[in-house]
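Chemist: Quick one, structure.cif (mmCIF, C-alpha atoms (C1' of nucleotides)):
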data_final
loop_
_atom_site.label_atom_id
_atom_site.label_comp_id
_atom_site.auth_asym_id
_atom_site.auth_seq_id
_atom_site.Cartn_x
_atom_site.Cartn_y
_atom_site.Cartn_z
CA MET A 1 62.53 -168.66 -20.39
CA ASP A 2 65.06 -167.04 -18.16
CA ASP A 3 63.51 -165.18 -15.27
CA LEU A 4 66.47 -162.81 -14.95
CA THR A 5 66.26 -161.90 -18.62
CA GLU A 6 62.61 -161.01 -18.21
CA LYS A 7 63.37 -158.82 -15.20
CA MET A 8 66.09 -156.98 -17.02
CA ALA A 9 63.77 -156.37 -19.94
CA GLN A 10 61.16 -155.02 -17.56
CA ALA A 11 63.75 -152.73 -15.98
CA PHE A 12 64.74 -151.47 -19.42
CA ASP A 13 61.15 -150.69 -20.24
CA ALA A 14 60.34 -148.97 -16.95
CA ALA A 15 63.62 -147.08 -16.68
CA PRO A 16 63.26 -143.47 -15.47
CA ILE A 17 65.41 -142.35 -18.38
CA GLY A 18 64.94 -142.58 -22.13
CA MET A 19 66.73 -145.55 -23.68
CA ALA A 20 67.03 -146.81 -27.20
CA VAL A 21 68.97 -149.27 -29.35
CA SER A 22 69.92 -148.55 -32.92
CA HIS A 23 71.49 -150.39 -35.84
CA HIS A 24 73.10 -148.10 -38.39
CA ARG A 25 71.01 -145.18 -37.16
CA VAL A 26 67.75 -147.06 -37.35
CA LEU A 27 65.90 -147.43 -34.07
CA SER A 28 65.29 -151.08 -33.27
CA ILE A 29 63.96 -150.86 -29.71
CA CYS A 30 63.26 -148.16 -27.18
CA ASN A 31 61.61 -147.90 -23.80
CA THR A 32 58.54 -146.06 -22.55
CA SER A 33 60.45 -143.03 -21.25
CA PHE A 34 62.09 -142.55 -24.64
CA ALA A 35 58.81 -142.60 -26.54
CA GLU A 36 57.18 -140.30 -24.00
CA MET A 37 60.07 -137.87 -24.01
CA LEU A 38 59.72 -137.44 -27.78
CA GLY A 39 55.94 -137.45 -27.85
CA TYR A 40 55.48 -140.63 -29.86
CA ASP A 41 53.62 -143.87 -29.36
CA ARG A 42 56.30 -146.51 -29.24
CA PRO A 43 55.06 -148.57 -32.20
CA ASP A 44 55.42 -145.51 -34.43
CA LEU A 45 59.11 -145.30 -33.60
CA LEU A 46 60.29 -148.88 -34.06
CA GLY A 47 62.10 -149.36 -37.35
CA GLN A 48 62.28 -145.62 -37.99
CA SER A 49 65.43 -143.76 -38.89
CA PHE A 50 66.76 -141.48 -36.15
CA ARG A 51 66.49 -138.73 -38.75
CA ILE A 52 62.96 -137.92 -37.60
CA LEU A 53 64.22 -137.31 -34.05
CA TYR A 54 66.60 -134.54 -35.03
CA PRO A 55 65.65 -130.94 -35.83
CA SER A 56 67.00 -131.06 -39.38
CA HIS A 57 68.73 -133.28 -41.88
CA ALA A 58 71.88 -131.19 -41.43
CA GLU A 59 71.84 -131.82 -37.70
CA PHE A 60 71.28 -135.53 -38.32
CA ASP A 61 74.35 -135.60 -40.57
CA ARG A 62 76.38 -133.51 -38.19
CA VAL A 63 75.95 -135.75 -35.17
CA ARG A 64 76.76 -138.92 -37.09
CA ASP A 65 80.52 -138.61 -36.84
CA ILE A 66 80.52 -136.96 -33.43
CA GLY A 67 81.84 -139.36 -30.90
CA LEU A 68 82.77 -142.02 -33.43
CA LYS A 69 86.44 -141.82 -32.50
CA ALA A 70 85.68 -141.88 -28.77
CA MET A 71 83.53 -144.97 -29.26
CA GLU A 72 86.19 -146.74 -31.30
CA GLU A 73 88.62 -146.11 -28.47
CA HIS A 74 86.54 -146.36 -25.32
CA GLY A 75 83.33 -147.93 -26.51
CA SER A 76 81.27 -145.08 -25.14
CA TYR A 77 80.52 -141.43 -25.73
CA SER A 78 78.47 -138.66 -24.13
CA ASP A 79 77.42 -135.15 -25.00
CA GLU A 80 74.48 -132.76 -24.86
CA ARG A 81 72.33 -132.42 -27.94
CA MET A 82 69.06 -131.19 -29.27
CA MET A 83 66.35 -133.70 -30.15
CA ARG A 84 63.05 -132.96 -31.82
CA ARG A 85 59.71 -134.00 -30.42
CA LYS A 86 56.92 -135.21 -32.68
CA ASP A 87 55.18 -131.85 -32.22
CA GLY A 88 58.35 -130.07 -33.31
CA VAL A 89 59.36 -128.82 -29.88
CA PRO A 90 63.10 -129.16 -29.38
CA VAL A 91 64.34 -131.11 -26.34
CA TRP A 92 67.82 -130.52 -25.00
CA CYS A 93 69.23 -133.84 -23.81
CA ARG A 94 72.16 -135.42 -22.09
CA PHE A 95 73.07 -138.09 -24.60
CA ARG A 96 75.08 -141.19 -23.76
CA ALA A 97 75.98 -144.03 -26.08
CA ARG A 98 77.78 -147.33 -25.85
CA THR A 99 78.60 -149.38 -28.88
CA LEU A 100 78.56 -153.15 -28.90
CA THR A 101 80.53 -153.11 -32.15
CA PRO A 102 83.62 -150.94 -31.60
CA ASP A 103 84.96 -151.64 -35.08
CA ASP A 104 81.86 -150.09 -36.59
CA PRO A 105 80.34 -148.09 -33.73
CA LEU A 106 77.06 -147.23 -35.43
CA ALA A 107 76.29 -150.86 -36.22
CA HIS A 108 74.91 -151.56 -32.75
CA LEU A 109 74.41 -148.71 -30.32
CA VAL A 110 72.76 -148.56 -26.90
CA MET A 111 71.84 -145.02 -25.97
CA SER A 112 70.36 -143.11 -23.06
CA PHE A 113 68.67 -139.71 -23.29
CA ALA A 114 68.06 -137.57 -20.24
CA PRO A 115 66.12 -134.37 -20.80
CA ILE A 116 68.16 -131.67 -19.16
CA ARG A 117 65.10 -129.83 -18.03
CA ASP A 118 63.21 -132.69 -16.48
CA GLN A 119 60.28 -132.32 -14.13
CA LEU A 120 58.89 -130.51 -17.08
CA ASP A 121 56.00 -132.59 -18.26
CA GLY A 122 54.19 -130.43 -20.72
CA ALA A 123 55.11 -127.28 -18.87
CA GLN A 124 57.28 -125.23 -21.08
CA LEU A 125 59.06 -122.03 -20.36
CA THR A 126 57.98 -118.72 -21.74
CA LYS A 127 60.54 -116.30 -23.09
CA ARG A 128 60.33 -114.23 -19.91
CA GLU A 129 60.74 -117.25 -17.72
CA ARG A 130 63.85 -118.29 -19.61
CA GLU A 131 65.27 -114.77 -19.34
CA VAL A 132 64.67 -114.63 -15.61
CA LEU A 133 66.00 -118.15 -15.10
CA SER A 134 69.11 -117.17 -16.98
CA GLY A 135 69.71 -114.31 -14.57
CA LEU A 136 69.03 -116.49 -11.55
CA SER A 137 71.53 -119.09 -12.72
CA ARG A 138 74.09 -116.30 -12.88
CA GLY A 139 73.37 -115.41 -9.27
CA MET A 140 71.55 -112.17 -9.98
CA THR A 141 68.95 -110.66 -7.65
CA SER A 142 65.49 -109.67 -8.80
CA LYS A 143 66.61 -106.06 -8.77
CA GLU A 144 69.57 -106.81 -11.04
CA ILE A 145 67.54 -108.92 -13.42
CA GLY A 146 64.94 -106.18 -13.57
CA ARG A 147 67.61 -103.68 -14.56
CA GLU A 148 68.97 -106.04 -17.21
CA LEU A 149 65.55 -106.57 -18.76
CA GLY A 150 64.27 -103.04 -18.23
CA LEU A 151 61.49 -104.21 -15.91
CA SER A 152 60.40 -103.55 -12.37
CA PRO A 153 61.92 -105.87 -9.75
CA ARG A 154 58.32 -106.65 -8.77
CA THR A 155 57.69 -108.16 -12.16
CA ILE A 156 60.74 -110.37 -11.82
CA GLU A 157 59.38 -111.55 -8.49
CA ASP A 158 56.12 -112.44 -10.19
CA VAL A 159 57.95 -114.53 -12.77
CA ARG A 160 59.98 -116.22 -10.02
CA ALA A 161 56.82 -117.03 -8.11
CA ARG A 162 55.29 -118.50 -11.24
CA LEU A 163 58.36 -120.67 -11.80
CA LEU A 164 58.26 -121.92 -8.21
CA ARG A 165 54.59 -122.84 -8.57
CA LYS A 166 55.08 -124.42 -11.98
CA PHE A 167 57.81 -126.75 -10.82
CA GLU A 168 56.44 -127.28 -7.33
CA VAL A 169 59.62 -126.28 -5.59
CA LYS A 170 60.08 -124.36 -2.35
CA ASN A 171 62.64 -121.80 -3.43
CA THR A 172 65.01 -120.65 -6.13
CA SER A 173 67.82 -122.98 -5.01
CA GLU A 174 65.67 -126.05 -5.45
CA LEU A 175 64.45 -124.66 -8.76
CA LEU A 176 67.98 -124.32 -10.10
CA SER A 177 69.01 -127.72 -8.84
CA ARG A 178 66.20 -129.17 -10.96
CA MET A 179 66.94 -127.14 -14.04
CA SER A 180 69.98 -126.28 -15.93
CA TYR A 181 70.80 -122.95 -17.39
CA ALA A 182 68.12 -122.16 -19.89
CA GLN A 183 69.42 -120.08 -22.71
CA PRO A 184 66.97 -117.31 -23.51
CA ARG A 185 65.49 -117.74 -26.98
CA ASN A 186 63.13 -115.52 -28.87
CA MET B 1 61.51 -167.22 -25.60
CA ASP B 2 60.69 -163.80 -26.85
CA ASP B 3 63.37 -162.29 -29.01
CA LEU B 4 62.36 -158.75 -28.10
CA THR B 5 62.63 -159.53 -24.41
CA GLU B 6 66.14 -160.78 -24.90
CA LYS B 7 67.14 -157.66 -26.80
CA MET B 8 65.72 -155.39 -24.11
CA ALA B 9 67.62 -157.32 -21.46
CA GLN B 10 70.80 -156.94 -23.48
CA ALA B 11 70.16 -153.20 -23.81
CA PHE B 12 69.66 -152.93 -20.06
CA ASP B 13 72.94 -154.67 -19.44
CA ALA B 14 74.94 -152.69 -21.95
CA ALA B 15 73.36 -149.33 -21.16
CA PRO B 16 75.81 -146.42 -21.03
CA ILE B 17 74.36 -145.38 -17.68
CA GLY B 18 74.21 -147.14 -14.32
CA MET B 19 70.90 -148.90 -13.77
CA ALA B 20 69.54 -150.94 -10.92
CA VAL B 21 66.33 -152.47 -9.60
CA SER B 22 65.57 -152.70 -5.90
CA HIS B 23 62.92 -154.25 -3.71
CA HIS B 24 62.63 -152.57 -0.32
CA ARG B 25 66.11 -151.13 -0.65
CA VAL B 26 67.70 -154.43 -1.56
CA LEU B 27 69.36 -154.55 -4.94
CA SER B 28 67.88 -157.30 -7.07
CA ILE B 29 69.48 -156.60 -10.43
CA CYS B 30 71.85 -154.08 -11.90
CA ASN B 31 73.75 -153.59 -15.12
CA THR B 32 77.43 -153.51 -15.96
CA SER B 33 77.72 -149.71 -15.85
CA PHE B 34 76.27 -149.64 -12.36
CA ALA B 35 78.71 -152.19 -10.98
CA GLU B 36 81.63 -150.48 -12.72
CA MET B 37 80.65 -147.05 -11.50
CA LEU B 38 80.75 -148.26 -7.91
CA GLY B 39 83.82 -150.44 -8.28
CA TYR B 40 82.17 -153.79 -7.62
CA ASP B 41 81.93 -157.07 -9.47
CA ARG B 42 78.27 -157.48 -10.22
CA PRO B 43 77.80 -160.80 -8.37
CA ASP B 44 78.98 -159.12 -5.16
CA LEU B 45 76.15 -156.59 -5.43
CA LEU B 46 73.13 -158.76 -6.16
CA GLY B 47 71.02 -159.32 -3.08
CA GLN B 48 72.90 -156.67 -1.12
CA SER B 49 71.27 -153.83 0.76
CA PHE B 50 71.77 -150.40 -0.80
CA ARG B 51 73.26 -149.47 2.57
CA ILE B 52 76.74 -150.39 1.36
CA LEU B 53 76.43 -147.95 -1.53
CA TYR B 54 75.93 -144.90 0.68
CA PRO B 55 78.63 -143.06 2.61
CA SER B 56 77.08 -143.82 6.01
CA HIS B 57 74.18 -145.46 7.70
CA ALA B 58 72.82 -142.03 8.54
CA GLU B 59 72.93 -141.06 4.87
CA PHE B 60 71.22 -144.33 3.96
CA ASP B 61 68.44 -143.56 6.43
CA ARG B 62 68.23 -139.98 5.32
CA VAL B 63 67.64 -140.68 1.65
CA ARG B 64 64.95 -143.28 2.30
CA ASP B 65 62.08 -140.87 2.66
CA ILE B 66 63.40 -138.36 0.16
CA GLY B 67 61.25 -138.43 -2.90
CA LEU B 68 58.68 -140.83 -1.43
CA LYS B 69 55.93 -138.27 -1.75
CA ALA B 70 56.90 -137.36 -5.30
CA MET B 71 56.83 -141.04 -6.26
CA GLU B 72 53.45 -141.59 -4.67
CA GLU B 73 52.12 -138.70 -6.72
CA HIS B 74 54.02 -138.88 -9.99
CA GLY B 75 55.63 -142.31 -9.90
CA SER B 76 59.08 -140.88 -10.40
CA TYR B 77 61.68 -138.81 -8.63
CA SER B 78 65.08 -137.31 -9.39
CA ASP B 79 67.81 -135.59 -7.46
CA GLU B 80 71.56 -135.39 -7.11
CA ARG B 81 73.20 -137.46 -4.42
CA MET B 82 76.44 -138.88 -3.18
CA MET B 83 77.12 -142.58 -3.57
CA ARG B 84 80.08 -144.49 -2.16
CA ARG B 85 82.39 -146.66 -4.22
CA LYS B 86 83.73 -149.94 -2.88
CA ASP B 87 87.07 -148.24 -2.28
CA GLY B 88 85.32 -145.53 -0.24
CA VAL B 89 85.62 -142.79 -2.85
CA PRO B 90 82.40 -140.76 -3.05
CA VAL B 91 80.64 -140.36 -6.41
CA TRP B 92 78.28 -137.46 -7.01
CA CYS B 93 75.39 -138.74 -9.14
CA ARG B 94 72.27 -137.68 -10.93
CA PHE B 95 69.79 -140.10 -9.47
CA ARG B 96 66.49 -140.98 -11.10
CA ALA B 97 63.90 -143.42 -9.87
CA ARG B 98 60.60 -144.78 -11.06
CA THR B 99 58.45 -146.94 -8.87
CA LEU B 100 56.35 -149.78 -10.22
CA THR B 101 54.42 -149.82 -6.95
CA PRO B 102 53.18 -146.26 -6.28
CA ASP B 103 51.31 -147.31 -3.15
CA ASP B 104 54.55 -148.46 -1.59
CA PRO B 105 57.23 -146.79 -3.70
CA LEU B 106 60.22 -148.64 -2.23
CA ALA B 107 58.70 -152.05 -2.93
CA HIS B 108 59.81 -152.06 -6.55
CA LEU B 109 62.11 -149.34 -7.84
CA VAL B 110 63.89 -148.91 -11.14
CA MET B 111 66.76 -146.44 -10.84
CA SER B 112 69.37 -144.81 -13.01
CA PHE B 113 72.63 -143.28 -11.80
CA ALA B 114 74.70 -140.91 -13.88
CA PRO B 115 78.01 -139.74 -12.42
CA ILE B 116 78.03 -135.96 -12.62
CA ARG B 117 81.74 -135.45 -12.71
CA ASP B 118 84.73 -136.94 -11.03
CA GLN B 119 86.09 -133.75 -9.63
CA LEU B 120 84.22 -130.56 -8.99
CA ASP B 121 86.45 -127.89 -10.48
CA GLY B 122 89.37 -129.40 -8.60
CA ALA B 123 87.72 -128.52 -5.31
CA GLN B 124 86.83 -131.42 -3.06
CA LEU B 125 83.73 -131.34 -0.98
CA THR B 126 83.89 -132.28 2.66
CA LYS B 127 81.28 -134.54 4.18
CA ARG B 128 79.56 -131.54 5.78
CA GLU B 129 79.57 -129.62 2.57
CA ARG B 130 77.94 -132.53 0.78
CA GLU B 131 75.31 -132.92 3.46
CA VAL B 132 74.48 -129.23 3.34
CA LEU B 133 74.50 -129.18 -0.45
CA SER B 134 72.07 -132.08 -0.44
CA GLY B 135 69.68 -130.11 1.74
CA LEU B 136 70.03 -126.99 -0.36
CA SER B 137 69.25 -128.90 -3.56
CA ARG B 138 66.05 -130.05 -1.86
CA GLY B 139 65.10 -126.46 -1.14
CA MET B 140 65.70 -126.58 2.61
CA THR B 141 66.57 -123.51 4.67
CA SER B 142 69.61 -123.36 6.95
CA LYS B 143 67.28 -123.85 9.90
CA GLU B 144 65.79 -127.00 8.40
CA ILE B 145 69.16 -128.43 7.41
CA GLY B 146 70.42 -127.70 10.92
CA ARG B 147 67.54 -129.67 12.37
CA GLU B 148 68.16 -132.57 9.99
CA LEU B 149 71.85 -132.74 10.86
CA GLY B 150 71.46 -131.88 14.54
CA LEU B 151 73.45 -128.68 14.20
CA SER B 152 72.95 -124.99 14.81
CA PRO B 153 71.58 -123.03 11.85
CA ARG B 154 74.61 -120.79 12.29
CA THR B 155 76.91 -123.67 11.47
CA ILE B 156 74.98 -124.39 8.31
CA GLU B 157 75.41 -120.76 7.34
CA ASP B 158 79.14 -121.14 7.85
CA VAL B 159 79.23 -124.14 5.53
CA ARG B 160 77.15 -122.28 2.94
CA ALA B 161 79.50 -119.32 3.09
CA ARG B 162 82.45 -121.64 2.61
CA LEU B 163 80.78 -123.21 -0.44
CA LEU B 164 80.08 -119.79 -1.94
CA ARG B 165 83.73 -118.78 -1.47
CA LYS B 166 85.06 -122.10 -2.78
CA PHE B 167 83.11 -121.90 -6.03
CA GLU B 168 83.31 -118.14 -6.34
CA VAL B 169 79.58 -117.64 -6.72
CA LYS B 170 77.37 -114.86 -5.41
CA ASN B 171 74.60 -116.89 -3.82
CA THR B 172 73.08 -120.31 -3.33
CA SER B 173 71.12 -120.20 -6.58
CA GLU B 174 74.27 -119.69 -8.63
CA LEU B 175 75.98 -122.39 -6.59
CA LEU B 176 73.30 -124.95 -7.41
CA SER B 177 73.21 -123.99 -11.05
CA ARG B 178 76.97 -124.64 -11.18
CA MET B 179 76.68 -127.95 -9.37
CA SER B 180 74.10 -129.15 -11.82
CA TYR B 181 75.42 -131.81 -14.15
CA ALA B 182 74.42 -129.91 -17.23
CA GLN B 183 76.64 -126.98 -16.40
CA PRO B 184 79.67 -126.24 -18.51
CA ARG B 185 82.78 -126.54 -16.39
CA ASN B 186 85.02 -123.50 -16.19
"C1'" DT C 1 105.84 -125.43 16.53
"C1'" DG C 2 103.16 -122.31 14.10
"C1'" DG C 3 99.97 -121.83 10.02
"C1'" DT C 4 95.96 -123.28 7.68
"C1'" DT C 5 91.56 -125.22 7.29
"C1'" DA C 6 87.28 -127.34 8.79
"C1'" DT C 7 84.18 -127.50 12.24
"C1'" DA C 8 80.87 -125.28 15.48
"C1'" DC C 9 78.48 -121.49 17.60
"C1'" DG C 10 77.11 -116.66 19.27
"C1'" DG C 11 75.76 -111.77 18.05
"C1'" DT C 12 74.14 -107.95 14.83
"C1'" DA C 13 72.96 -105.50 10.57
"C1'" DT C 14 71.46 -105.30 5.94
"C1'" DT C 15 69.65 -107.01 1.91
"C1'" DG C 16 66.91 -110.41 -0.55
"C1'" DA C 17 63.16 -113.66 -1.13
"C1'" DT C 18 58.66 -115.00 -0.58
"C1'" DA C 19 53.81 -114.59 0.32
"C1'" DC C 20 50.06 -112.08 0.59
"C1'" DC C 21 46.83 -107.93 -0.81
"C1'" DG C 22 45.47 -105.27 -4.86
"C1'" DT C 23 44.98 -103.38 -10.24
"C1'" DA C 24 45.51 -103.64 -15.22
"C1'" DT C 25 46.29 -105.15 -20.17
"C1'" DA C 26 46.79 -108.69 -23.68
"C1'" DC C 27 45.98 -112.98 -25.83
"C1'" DG C 28 44.34 -117.38 -26.97
"C1'" DA C 29 40.99 -121.08 -26.32
"C1'" DT C 30 36.46 -122.90 -25.53
"C1'" DA D 1 32.15 -113.68 -24.59
"C1'" DT D 2 34.05 -115.44 -20.65
"C1'" DC D 3 37.93 -118.10 -18.72
"C1'" DG D 4 42.61 -118.88 -17.91
"C1'" DT D 5 47.19 -117.42 -18.23
"C1'" DA D 6 51.13 -114.41 -18.89
"C1'" DT D 7 52.58 -110.06 -18.38
"C1'" DA D 8 53.45 -105.88 -15.51
"C1'" DC D 9 53.38 -103.13 -11.39
"C1'" DG D 10 52.27 -101.28 -6.53
"C1'" DG D 11 52.10 -102.09 -1.38
"C1'" DT D 12 53.12 -104.58 3.07
"C1'" DA D 13 54.75 -108.22 6.16
"C1'" DT D 14 57.76 -111.80 7.43
"C1'" DC D 15 61.33 -114.84 7.08
"C1'" DA D 16 65.82 -116.24 4.96
"C1'" DA D 17 70.29 -115.24 3.35
"C1'" DT D 18 74.45 -112.99 3.55
"C1'" DA D 19 78.15 -110.44 5.58
"C1'" DC D 20 80.39 -108.91 9.18
"C1'" DC D 21 82.11 -109.10 14.35
"C1'" DG D 22 83.74 -112.47 17.77
"C1'" DT D 23 85.44 -117.34 20.26
"C1'" DA D 24 86.80 -122.14 20.35
"C1'" DT D 25 88.49 -126.98 19.19
"C1'" DA D 26 90.58 -130.42 16.23
"C1'" DA D 27 93.23 -131.96 12.38
"C1'" DC D 28 96.86 -131.71 9.45
"C1'" DC D 29 101.01 -130.11 7.34
"C1'" DA D 30 105.41 -128.02 6.66
#
Any chance you could give the structure as structure tokens?
Modeler:
Amino acid sequence: MDDLTEKMAQAFDAAPIGMAVSHHRVLSICNTSFAEMLGYDRPDLLGQSFRILYPSHAEFDRVRDIGLKAMEEHGSYSDERMMRRKDGVPVWCRFRARTLTPDDPLAHLVMSFAPIRDQLDGAQLTKREREVLSGLSRGMTSKEIGRELGLSPRTIEDVRARLLRKFEVKNTSELLSRMSYAQPRN
Amino acid sequence: MDDLTEKMAQAFDAAPIGMAVSHHRVLSICNTSFAEMLGYDRPDLLGQSFRILYPSHAEFDRVRDIGLKAMEEHGSYSDERMMRRKDGVPVWCRFRARTLTPDDPLAHLVMSFAPIRDQLDGAQLTKREREVLSGLSRGMTSKEIGRELGLSPRTIEDVRARLLRKFEVKNTSELLSRMSYAQPRN
DNA sequence: TGGTTATACGGTATTGATACCGTATACGAT
DNA sequence: ATCGTATACGGTATCAATACCGTATAACCA
């Protein structure tokens, strides 16, 4: 068999970004990163509907038509969307898709999924950490964030320090370059 | 030959994101998106050094060691960096890499490249600004960036100040959160 | 030719960030 | 029940960042 083909397949599998192929919204193949990102063993995913990877049936329906027109015209589409891990934890992703069948885009899709908060293997953010991160991304000082949250600036500094340790970065700038704005949730 | 292998190779090729494999900084294979993103015909890229894809030899040297330690430890690395199209136009990318040879990370790398945006809020970055931004996103201080670029720390502070004015942000953290690819453009 | 901008560097002054030291409560897991 | 972690706060010490003051050169543009 073709050596080049084998190398490309290996590259697909080892890619540092989640990748998957679907036919009419059924996953036919995916790579290791994709399965890991969503907390599955790969064999459990193959042949499954993408339904199980979205937070709800409504969301699954909603995203179906999104980007259809763009793909009919340009063959590709990109947005940011929420996926659902096996354990139920939502993952906010940069989603990219290219169709190999522009007349019927969903018939054969190649997709990539990049978690927006990467470097985040298992480490998830607490509510406080998200609140503080939100302030930091808006350029606020610890003092200002403390005022906003009704806390001592010292406490904000504690949370910052914890974030720096957690993500193994040297300072807040590096932290924010690794993470995107994290919307505070409850 | 294996049908699955062929499908994975096809997915690699048609991926909606630039992908490439290198051995010791020489490109061995890449997909269509990668060649398109950088303005080349794919055959012209295969076997080439990655040198031609960076803005300068200095930049090519500089990025070599970046992320080596992370890859030795975790097998993967990600940052944002400037690539150079065939026509000389710089492209700001989200770069991700996974090594298949953790003992010698550069021996066998699988990479993905996602263009962040074509224009940064209409404002163009100068070469200096890009170099400084690169250091900042890696958590370096002005002093450290100055050393890396052979400049006075004071000059780095000037460039930082210019960046803060240009993007109308309060500090470096807000700057980097805006430069992140996941950020909504204003 | 003058105006603007980028580059590069010096000084000083103030604020902010970060790293330590410490205490204390709360909560979940083993 | 003890361990680990998150939370919350206090202090001090040091370094970094930012904002000003200044000068100077080079490039480009109207």
Chemist: Can you translate the PyMOL selection byres ((chain A and resi 153-169) around 7) into the concrete residues it hits in this file, as a list of chain:residue names?
Modeler: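 Expected selection for the PyMOL selection byres ((chain A and resi 153-169) around 7) here is A:Gln119, A:Glu129, A:Val132, A:Ser142, A:Lys143, A:Gly146, A:Leu151, A:Ser152, A:Lys170, A:Asn171, A:Glu174, A:Leu175, D:DA8, D:DC9.
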Chemist: Please, what is the axis-aligned box for every listed atom of stretch 73-83 of chain B with 6 Å on each side, as centre and edge lengths in Å to one decimal, as lines of an AutoDock Vina configuration file?
Modeler:
center_x = 64.6
center_y = -139.0
center_z = -6.8
size_x = 37.0
size_y = 19.2
size_z = 19.2
Chemist: Evaluate the PyMOL selection byres ((chain A) within 6 of (chain B)) against this structure - the residues, as a count of residues only, please.
Modeler: 21
Chemist: Residues of chain D within 12 Å of chain A, counting all atoms listed in the file - could you list those as a ChimeraX atom specification?
Modeler: /D:5-11,16-17
Chemist: Quick check, in Å to one decimal: how far apart do atom CA of B:Phe34 and atom CA of B:His108 lie?
Modeler: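 Separation between atom CA of B:Phe34 and atom CA of B:His108: 17.6 Å.
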Chemist: Evaluating the PyMOL selection byres ((chain D and resi 22) around 10) on the displayed file yields which residues, as a PyMOL selection string?
Modeler: (chain C and resi 10-11) or (chain D and resi 20-21+23)
Chemist: May I ask you to extract the residues of chain C within 9 Å of chain B, using all atoms listed in the file, and to give them as a JSON list (two decimals) with C-alpha atoms (C1' of nucleotides), in the coordinates of the input?
Modeler:
[["chain", "number", "residue", "atom", "x", "y", "z"],
["C", 6, "DA", "C1'", 87.28, -127.34, 8.79],
["C", 7, "DT", "C1'", 84.18, -127.50, 12.24],
["C", 8, "DA", "C1'", 80.87, -125.28, 15.48],
["C", 9, "DC", "C1'", 78.48, -121.49, 17.60],
["C", 10, "DG", "C1'", 77.11, -116.66, 19.27]]
Chemist: Just the number, please: distance in Å from atom CA of A:Gln48 to atom CA of A:His23, one decimal.
Modeler: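 Straight-line distance from atom CA of A:Gln48 to atom CA of A:His23 works out to 10.6 Å.
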Chemist: May I ask for the distance between atom C1' of D:DT12 and atom C1' of C:DT15, given in Å to one decimal place?
Modeler: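 Atom-to-atom, atom C1' of D:DT12 to atom C1' of C:DT15, that is 16.7 Å.
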Chemist: Compile the contact shell of C:DG3 as a ChimeraX atom specification: residues with an atom at most 12 Å away, counting only C-alpha atoms (C1' of nucleotides), same-chain residues fewer than 3 positions apart removed.
Modeler: /D:28-30
Chemist: Using the atoms already present, construct N, CA, C and O atoms for stretch 105-114 of chain A and hand them back as a PDB file, in the coordinates of the input.
Modeler:
ATOM      1  N   PRO A 105      81.144-148.513 -34.886  1.00  0.00           N
ATOM      2  CA  PRO A 105      80.340-148.090 -33.730  1.00  0.00           C
ATOM      3  C   PRO A 105      78.839-147.966 -34.003  1.00  0.00           C
ATOM      4  O   PRO A 105      78.021-148.320 -33.139  1.00  0.00           O
ATOM      5  N   LEU A 106      78.483-147.472 -35.176  1.00  0.00           N
ATOM      6  CA  LEU A 106      77.060-147.230 -35.430  1.00  0.00           C
ATOM      7  C   LEU A 106      76.274-148.506 -35.705  1.00  0.00           C
ATOM      8  O   LEU A 106      75.045-148.478 -35.745  1.00  0.00           O
ATOM      9  N   ALA A 107      76.974-149.610 -35.871  1.00  0.00           N
ATOM     10  CA  ALA A 107      76.290-150.860 -36.220  1.00  0.00           C
ATOM     11  C   ALA A 107      75.351-151.310 -35.106  1.00  0.00           C
ATOM     12  O   ALA A 107      74.262-151.828 -35.363  1.00  0.00           O
ATOM     13  N   HIS A 108      75.749-151.125 -33.870  1.00  0.00           N
ATOM     14  CA  HIS A 108      74.910-151.560 -32.750  1.00  0.00           C
ATOM     15  C   HIS A 108      75.161-150.637 -31.556  1.00  0.00           C
ATOM     16  O   HIS A 108      76.155-150.762 -30.862  1.00  0.00           O
ATOM     17  N   LEU A 109      74.255-149.734 -31.344  1.00  0.00           N
ATOM     18  CA  LEU A 109      74.410-148.710 -30.320  1.00  0.00           C
ATOM     19  C   LEU A 109      73.331-148.849 -29.244  1.00  0.00           C
ATOM     20  O   LEU A 109      72.155-149.068 -29.561  1.00  0.00           O
ATOM     21  N   VAL A 110      73.729-148.709 -27.989  1.00  0.00           N
ATOM     22  CA  VAL A 110      72.760-148.560 -26.900  1.00  0.00           C
ATOM     23  C   VAL A 110      72.900-147.144 -26.373  1.00  0.00           C
ATOM     24  O   VAL A 110      74.001-146.707 -26.038  1.00  0.00           O
ATOM     25  N   MET A 111      71.792-146.445 -26.315  1.00  0.00           N
ATOM     26  CA  MET A 111      71.840-145.020 -25.970  1.00  0.00           C
ATOM     27  C   MET A 111      70.925-144.689 -24.797  1.00  0.00           C
ATOM     28  O   MET A 111      69.902-145.356 -24.593  1.00  0.00           O
ATOM     29  N   SER A 112      71.295-143.658 -24.049  1.00  0.00           N
ATOM     30  CA  SER A 112      70.360-143.110 -23.060  1.00  0.00           C
ATOM     31  C   SER A 112      70.199-141.628 -23.311  1.00  0.00           C
ATOM     32  O   SER A 112      71.137-140.955 -23.755  1.00  0.00           O
ATOM     33  N   PHE A 113      69.011-141.124 -23.068  1.00  0.00           N
ATOM     34  CA  PHE A 113      68.670-139.710 -23.290  1.00  0.00           C
ATOM     35  C   PHE A 113      68.012-139.171 -22.041  1.00  0.00           C
ATOM     36  O   PHE A 113      66.934-139.635 -21.658  1.00  0.00           O
ATOM     37  N   ALA A 114      68.652-138.193 -21.423  1.00  0.00           N
ATOM     38  CA  ALA A 114      68.060-137.570 -20.240  1.00  0.00           C
ATOM     39  C   ALA A 114      67.740-136.127 -20.557  1.00  0.00           C
ATOM     40  O   ALA A 114      68.649-135.340 -20.801  1.00  0.00           O
TER      41      ALA A 114
END
